[in-house]
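Asks: So that we are looking at the same thing, I have put the structure below in structure tokens.
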Amino acid sequence: MKELNPYAWIDRSLATIKQANWYRSTQAIESFPGAEATIDGQVLLNFGSNDYLGLAGDERVIRAAMTATQQFGTGATGSRLTSGHKQLHTDLELAIASLKGTEAALVFSSGYLANLGTIAALVGNKDAILSDRLNHSSLQNGARLSGAKIIEYNHCDIDALRQQLELHRANYRRCLIITDTVFSMDGDICPLPAILDLASEYDAMLLVDEAHATGIFGQTGAGIVEHYHCVGQPAIEMGTLSKAIGSLGGYVAGSRSLIDFLKNRCASWIYTTGLSPADTAAAIAAIEIITTTSQRQQLWENVAYFKQSIAARLPDLHLIPSASPIICIELPDAQTALAIGSQLRQAGIFAPAIRPPTVPTSRIRISLMATHQQLQLERLVTALGTIFSKTKSS
Ligand SMILES: *Cc1c(COP(=O)(O)O)cnc(C)c1O
């Protein structure tokens, strides 16, 4: 009798992934967070970090995490509704609500869990979700988990969204529009004011994902909602503490009754352990820095400088339209993206190749930080120039 192996498909599946150049693996960053990263003993310029403001390595943030650990230990030791709730959590939630200009906020173990649980708590199988085609994985999977009818609309296309609402809204009980504000892989921005208008016109809820916007956009760093002067409008705002805020965790900000409801109905918040004291205190310290200093300004100067250098020196390079510190060079296929990623690496630069299935089109994704020096940006532009002039002539 043939020996059965119910796990044999895993190796076959891995082989297929490798054949398509979709295979991915981890690599250890051996250094302190910053503009340089040591990988395999090699010091590289780091253009692959979400630590936009350098707060993951900020002395004040580190000190807050250490003090909280000494005072409260390493773990929350329970879920928030049982034994894991601390005053620190309330302090952080008040700080987030204050930053966002909302009545209340709730922190989750990650942004991913915030999206999964919140979407699933807000809508069910009698309802519809309108979802931008390029939304983050956590929004897409939250939509699937909810059991609601999922209707995708073309990326940032307001007419398409209106058309879908016109066509489908009346057939469902509740309706939820979900969108990234800054799209994580392209770096462009959703047309928020127009989406808010449509939500109100069609009696739909709106959940915006501010993961890549919080700390960066808006007068006080609150995000795209603030950038578009839409604070106070009826939207549910979520985001992460793990990008510009330099810690770990996610949040939802909105009305007091929304937050109260989530505390009672959101499984990914109720049945999981509270955020650790270190992560919580680090996030509080980082939000304090974001609201009281202007680290953002250096970041935006770097974005402008880099874009000007590319336009002046490499006008033929195809950049995906972006209005954020995420800047992508579009490439024909995964193989080219991998090849250019490794040439950059040889030139001492870390800028990851992003491929399907993460994105529909392959690219090199560059994240700029406030902590990059102008000379380091120059080095990136020079390296790109050398690599692409070779690619063109070969
Ligand atoms: C990173 C990210 C998340 C997930 O946040 P984590 O806290 O890292 O789980 C959600 N949405 C978007 C758009 C993101 O970029």
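Labels used: A, B, ... for chains in the order of the structure tokens, numbers from 1 for residues in each chain, and numbers from 1 for ligands as shown.
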Would you list the contacts of Ala353 (chain A) as a ChimeraX atom specification, taking every protein, DNA or RNA residue within 7 Å and counting only C-alpha atoms, but skipping same-chain residues closer than 5 positions in sequence?

Replies: /A:337-338,341,363-365

Asks: Could the residues in this selection be written to a file with all heavy atoms, as a PDB file, in the first residue's frame?

Replies:
```
ATOM      1  N   ALA A 337      12.603  42.844  -9.904  1.00  0.00           N
ATOM      2  CA  ALA A 337      12.581  43.506  -8.590  1.00  0.00           C
ATOM      3  C   ALA A 337      13.608  42.865  -7.663  1.00  0.00           C
ATOM      4  O   ALA A 337      14.358  43.563  -6.961  1.00  0.00           O
ATOM      5  CB  ALA A 337      11.182  43.435  -7.987  1.00  0.00           C
ATOM      6  N   LEU A 338      13.667  41.523  -7.681  1.00  0.00           N
ATOM      7  CA  LEU A 338      14.630  40.824  -6.818  1.00  0.00           C
ATOM      8  C   LEU A 338      16.055  41.160  -7.222  1.00  0.00           C
ATOM      9  O   LEU A 338      16.922  41.407  -6.380  1.00  0.00           O
ATOM     10  CB  LEU A 338      14.429  39.311  -6.924  1.00  0.00           C
ATOM     11  CG  LEU A 338      13.224  38.765  -6.171  1.00  0.00           C
ATOM     12  CD1 LEU A 338      13.061  37.279  -6.441  1.00  0.00           C
ATOM     13  CD2 LEU A 338      13.372  39.020  -4.673  1.00  0.00           C
ATOM     14  N   GLY A 341      16.832  44.679  -6.138  1.00  0.00           N
ATOM     15  CA  GLY A 341      16.982  44.659  -4.682  1.00  0.00           C
ATOM     16  C   GLY A 341      18.362  44.160  -4.284  1.00  0.00           C
ATOM     17  O   GLY A 341      19.010  44.729  -3.402  1.00  0.00           O
ATOM     18  N   ARG A 363       7.869  45.869  -7.389  1.00  0.00           N
ATOM     19  CA  ARG A 363       8.504  47.163  -7.202  1.00  0.00           C
ATOM     20  C   ARG A 363       9.621  47.095  -6.165  1.00  0.00           C
ATOM     21  O   ARG A 363       9.712  46.133  -5.412  1.00  0.00           O
ATOM     22  CB  ARG A 363       7.459  48.191  -6.736  1.00  0.00           C
ATOM     23  CG  ARG A 363       7.101  48.083  -5.289  1.00  0.00           C
ATOM     24  CD  ARG A 363       5.675  47.861  -4.906  1.00  0.00           C
ATOM     25  NE  ARG A 363       4.641  47.676  -5.845  1.00  0.00           N
ATOM     26  CZ  ARG A 363       3.465  48.322  -5.780  1.00  0.00           C
ATOM     27  NH1 ARG A 363       3.252  49.199  -4.842  1.00  0.00           N
ATOM     28  NH2 ARG A 363       2.519  48.047  -6.637  1.00  0.00           N
ATOM     29  N   ILE A 364      10.446  48.163  -6.141  1.00  0.00           N
ATOM     30  CA  ILE A 364      11.326  48.428  -5.002  1.00  0.00           C
ATOM     31  C   ILE A 364      10.605  49.477  -4.165  1.00  0.00           C
ATOM     32  O   ILE A 364      10.156  50.495  -4.690  1.00  0.00           O
ATOM     33  CB  ILE A 364      12.696  48.974  -5.472  1.00  0.00           C
ATOM     34  CG1 ILE A 364      13.485  47.912  -6.232  1.00  0.00           C
ATOM     35  CG2 ILE A 364      13.492  49.504  -4.284  1.00  0.00           C
ATOM     36  CD1 ILE A 364      13.998  46.754  -5.382  1.00  0.00           C
ATOM     37  N   ARG A 365      10.473  49.194  -2.871  1.00  0.00           N
ATOM     38  CA  ARG A 365       9.733  50.110  -2.002  1.00  0.00           C
ATOM     39  C   ARG A 365      10.712  50.816  -1.081  1.00  0.00           C
ATOM     40  O   ARG A 365      11.447  50.179  -0.338  1.00  0.00           O
ATOM     41  CB  ARG A 365       8.705  49.327  -1.187  1.00  0.00           C
ATOM     42  CG  ARG A 365       7.849  50.177  -0.254  1.00  0.00           C
ATOM     43  CD  ARG A 365       6.842  49.262   0.427  1.00  0.00           C
ATOM     44  NE  ARG A 365       5.944  49.922   1.343  1.00  0.00           N
ATOM     45  CZ  ARG A 365       6.249  50.223   2.605  1.00  0.00           C
ATOM     46  NH1 ARG A 365       7.435  49.949   3.081  1.00  0.00           N
ATOM     47  NH2 ARG A 365       5.350  50.802   3.383  1.00  0.00           N
TER      48      ARG A 365
END
```

Asks: Residues contacting ligand 1 - anything with an atom at most 9 Å away, using only C-alpha atoms and all ligand atoms - can you give me those as JSON, numbers by chain?

Replies: {"A": [50, 108, 109, 110, 111, 112, 113, 114, 115, 135, 136, 137, 138, 139, 179, 180, 181, 182, 183, 184, 185, 209, 210, 211, 212, 238, 239, 240, 241, 242, 243, 247, 248, 249, 250, 251]}

Asks: To one decimal place in Å, what is the distance between CA of Gln374 (chain A) and CA of Thr386 (chain A)?

Replies: 18.6 Å

Asks: Could you give me, as a VMD selection string, each residue of region 101-144 of chain A that DSSP assigns to alpha helix (DSSP H) when run on this structure's backbone?

Replies: chain A and resid 111 to 122 137 to 144

Asks: Store the residues picked out above, limited to C-alpha atoms, as a compact mmCIF listing (two decimals), in the first residue's frame.

Replies:
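After the write, result.txt holds the following:
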```
# COMPACT_ATOMS: atom_id res chain seq x y z
CA GLY A 111 -3.27 46.90 14.16
CA TYR A 112 -4.03 43.68 12.33
CA LEU A 113 -6.16 42.44 15.25
CA ALA A 114 -7.86 45.84 15.53
CA ASN A 115 -9.05 45.56 11.92
CA LEU A 116 -10.08 41.90 12.12
CA GLY A 117 -12.11 42.35 15.28
CA THR A 118 -13.61 45.77 14.62
CA ILE A 119 -14.89 45.00 11.14
CA ALA A 120 -16.31 41.66 12.31
CA ALA A 121 -18.07 43.40 15.22
CA LEU A 122 -19.58 46.14 13.05
CA SER A 137 -4.50 42.56 4.13
CA SER A 138 -5.93 43.17 7.63
CA LEU A 139 -8.88 45.12 6.20
CA GLN A 140 -9.50 42.48 3.55
CA ASN A 141 -9.37 39.63 6.04
CA GLY A 142 -11.50 41.52 8.56
CA ALA A 143 -14.10 41.86 5.83
CA ARG A 144 -13.98 38.12 5.12
```

Asks: Give me the residues near Glu166 (chain A) as a list in words, where near means some atom within 12 Å (using only C-alpha atoms) and where sequence neighbours in that chain fewer than 6 positions away do not count.

Replies: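 Neighbouring residues, sequence-local ones excluded: Leu130, Asp159, Ala160, Tyr172, Cys175, Leu198, Ala199, Glu201, Tyr202, Asp203 and Ala204 of chain A.
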
Asks: Applying 12 Å and only C-alpha atoms, which residues near Gln70 (chain A) remain after dropping the ones on its own chain fewer than 6 positions away? List them as a VMD selection string.

Replies: chain A and resid 63 to 64 277 to 278 281

Asks: For region 340-385 of chain A versus region 32-36 of chain A, which residues have an atom no more than 12 Å away, and what is each residue's nearest atom pair and distance in Å rounded to one decimal, using only C-alpha atoms, chain-then-number order, as a Markdown table?

Replies:
```
| residue | atom | partner | partner_atom | distance |
| --- | --- | --- | --- | --- |
| A:Gly348 | CA | A:Glu36 | CA | 9.7 |
| A:Ile349 | CA | A:Glu36 | CA | 8.9 |
| A:Phe350 | CA | A:Glu36 | CA | 8.8 |
| A:Ala351 | CA | A:Glu36 | CA | 11.5 |
| A:Ser367 | CA | A:Ala35 | CA | 10.5 |
| A:Leu368 | CA | A:Ala35 | CA | 9.1 |
| A:Met369 | CA | A:Ala35 | CA | 7.5 |
| A:Ala370 | CA | A:Ala35 | CA | 8.9 |
| A:Thr371 | CA | A:Ala35 | CA | 5.9 |
| A:His372 | CA | A:Ala35 | CA | 5.4 |
| A:Gln373 | CA | A:Ala35 | CA | 8.1 |
| A:Gln374 | CA | A:Ala35 | CA | 11.2 |
| A:Leu375 | CA | A:Ala35 | CA | 11.5 |
| A:Gln376 | CA | A:Ala35 | CA | 8.4 |
| A:Leu377 | CA | A:Ala35 | CA | 10.3 |
```

Asks: Keeping C-alpha atoms for every residue in the selection just given, could you write it to a file as an mmCIF file, in the first residue's frame?

Replies:
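See result.cif below for the written result:
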```
data_model
loop_
_atom_site.group_PDB
_atom_site.id
_atom_site.type_symbol
_atom_site.label_atom_id
_atom_site.label_comp_id
_atom_site.auth_asym_id
_atom_site.auth_seq_id
_atom_site.Cartn_x
_atom_site.Cartn_y
_atom_site.Cartn_z
ATOM 1 C CA GLY A 348 25.161 49.063 0.627
ATOM 2 C CA ILE A 349 21.460 49.896 0.502
ATOM 3 C CA PHE A 350 18.524 48.051 2.010
ATOM 4 C CA ALA A 351 15.308 48.720 0.064
ATOM 5 C CA SER A 367 10.572 54.302 3.064
ATOM 6 C CA LEU A 368 12.067 57.625 4.039
ATOM 7 C CA MET A 369 12.637 58.596 7.654
ATOM 8 C CA ALA A 370 13.242 61.842 9.515
ATOM 9 C CA THR A 371 16.555 60.345 10.638
ATOM 10 C CA HIS A 372 18.025 60.022 7.124
ATOM 11 C CA GLN A 373 20.793 62.519 6.357
ATOM 12 C CA GLN A 374 20.840 64.318 3.006
ATOM 13 C CA LEU A 375 24.085 62.554 2.134
ATOM 14 C CA GLN A 376 22.425 59.197 2.672
ATOM 15 C CA LEU A 377 19.591 60.162 0.327
#
```

Asks: Could you name the residues that touch Val252 (chain A) at 6 Å or less, counting only C-alpha atoms, but leaving out those on the same chain fewer than 4 positions away, as a JSON list (two decimals) with all heavy atoms, in the first residue's frame?

Replies:
```json
[["chain", "number", "residue", "atom", "x", "y", "z"],
["A", 105, "ALA", "N", -10.97, 55.97, 22.66],
["A", 105, "ALA", "CA", -10.12, 55.08, 21.86],
["A", 105, "ALA", "C", -9.93, 53.77, 22.61],
["A", 105, "ALA", "O", -10.18, 53.70, 23.81],
["A", 105, "ALA", "CB", -8.77, 55.74, 21.58],
["A", 106, "LEU", "N", -9.51, 52.75, 21.87],
["A", 106, "LEU", "CA", -9.30, 51.43, 22.45],
["A", 106, "LEU", "C", -8.02, 50.86, 21.85],
["A", 106, "LEU", "O", -7.85, 50.93, 20.63],
["A", 106, "LEU", "CB", -10.50, 50.54, 22.08],
["A", 106, "LEU", "CG", -10.62, 49.18, 22.75],
["A", 106, "LEU", "CD1", -10.80, 49.33, 24.26],
["A", 106, "LEU", "CD2", -11.81, 48.41, 22.16],
["A", 237, "GLU", "N", -11.72, 55.61, 13.14],
["A", 237, "GLU", "CA", -10.31, 55.67, 12.77],
["A", 237, "GLU", "C", -9.56, 54.56, 13.47],
["A", 237, "GLU", "O", -9.69, 54.39, 14.67],
["A", 237, "GLU", "CB", -9.71, 57.02, 13.17],
["A", 237, "GLU", "CG", -10.36, 58.20, 12.47],
["A", 237, "GLU", "CD", -9.89, 59.53, 13.05],
["A", 237, "GLU", "OE1", -8.68, 59.72, 13.18],
["A", 237, "GLU", "OE2", -10.76, 60.34, 13.41],
["A", 238, "MET", "N", -8.79, 53.82, 12.69],
["A", 238, "MET", "CA", -7.92, 52.83, 13.33],
["A", 238, "MET", "C", -6.50, 53.08, 12.88],
["A", 238, "MET", "O", -6.24, 53.84, 11.95],
["A", 238, "MET", "CB", -8.37, 51.39, 13.05],
["A", 238, "MET", "CG", -8.20, 50.87, 11.66],
["A", 238, "MET", "SD", -6.50, 50.51, 11.17],
["A", 238, "MET", "CE", -6.02, 49.29, 12.41]]
```

Asks: Quick one: distance from CA of Trp269 (chain A) to CA of Ala76 (chain A) in Å, one decimal?

Replies: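 CA of Ala76 (chain A) lies 13.6 Å from CA of Trp269 (chain A).
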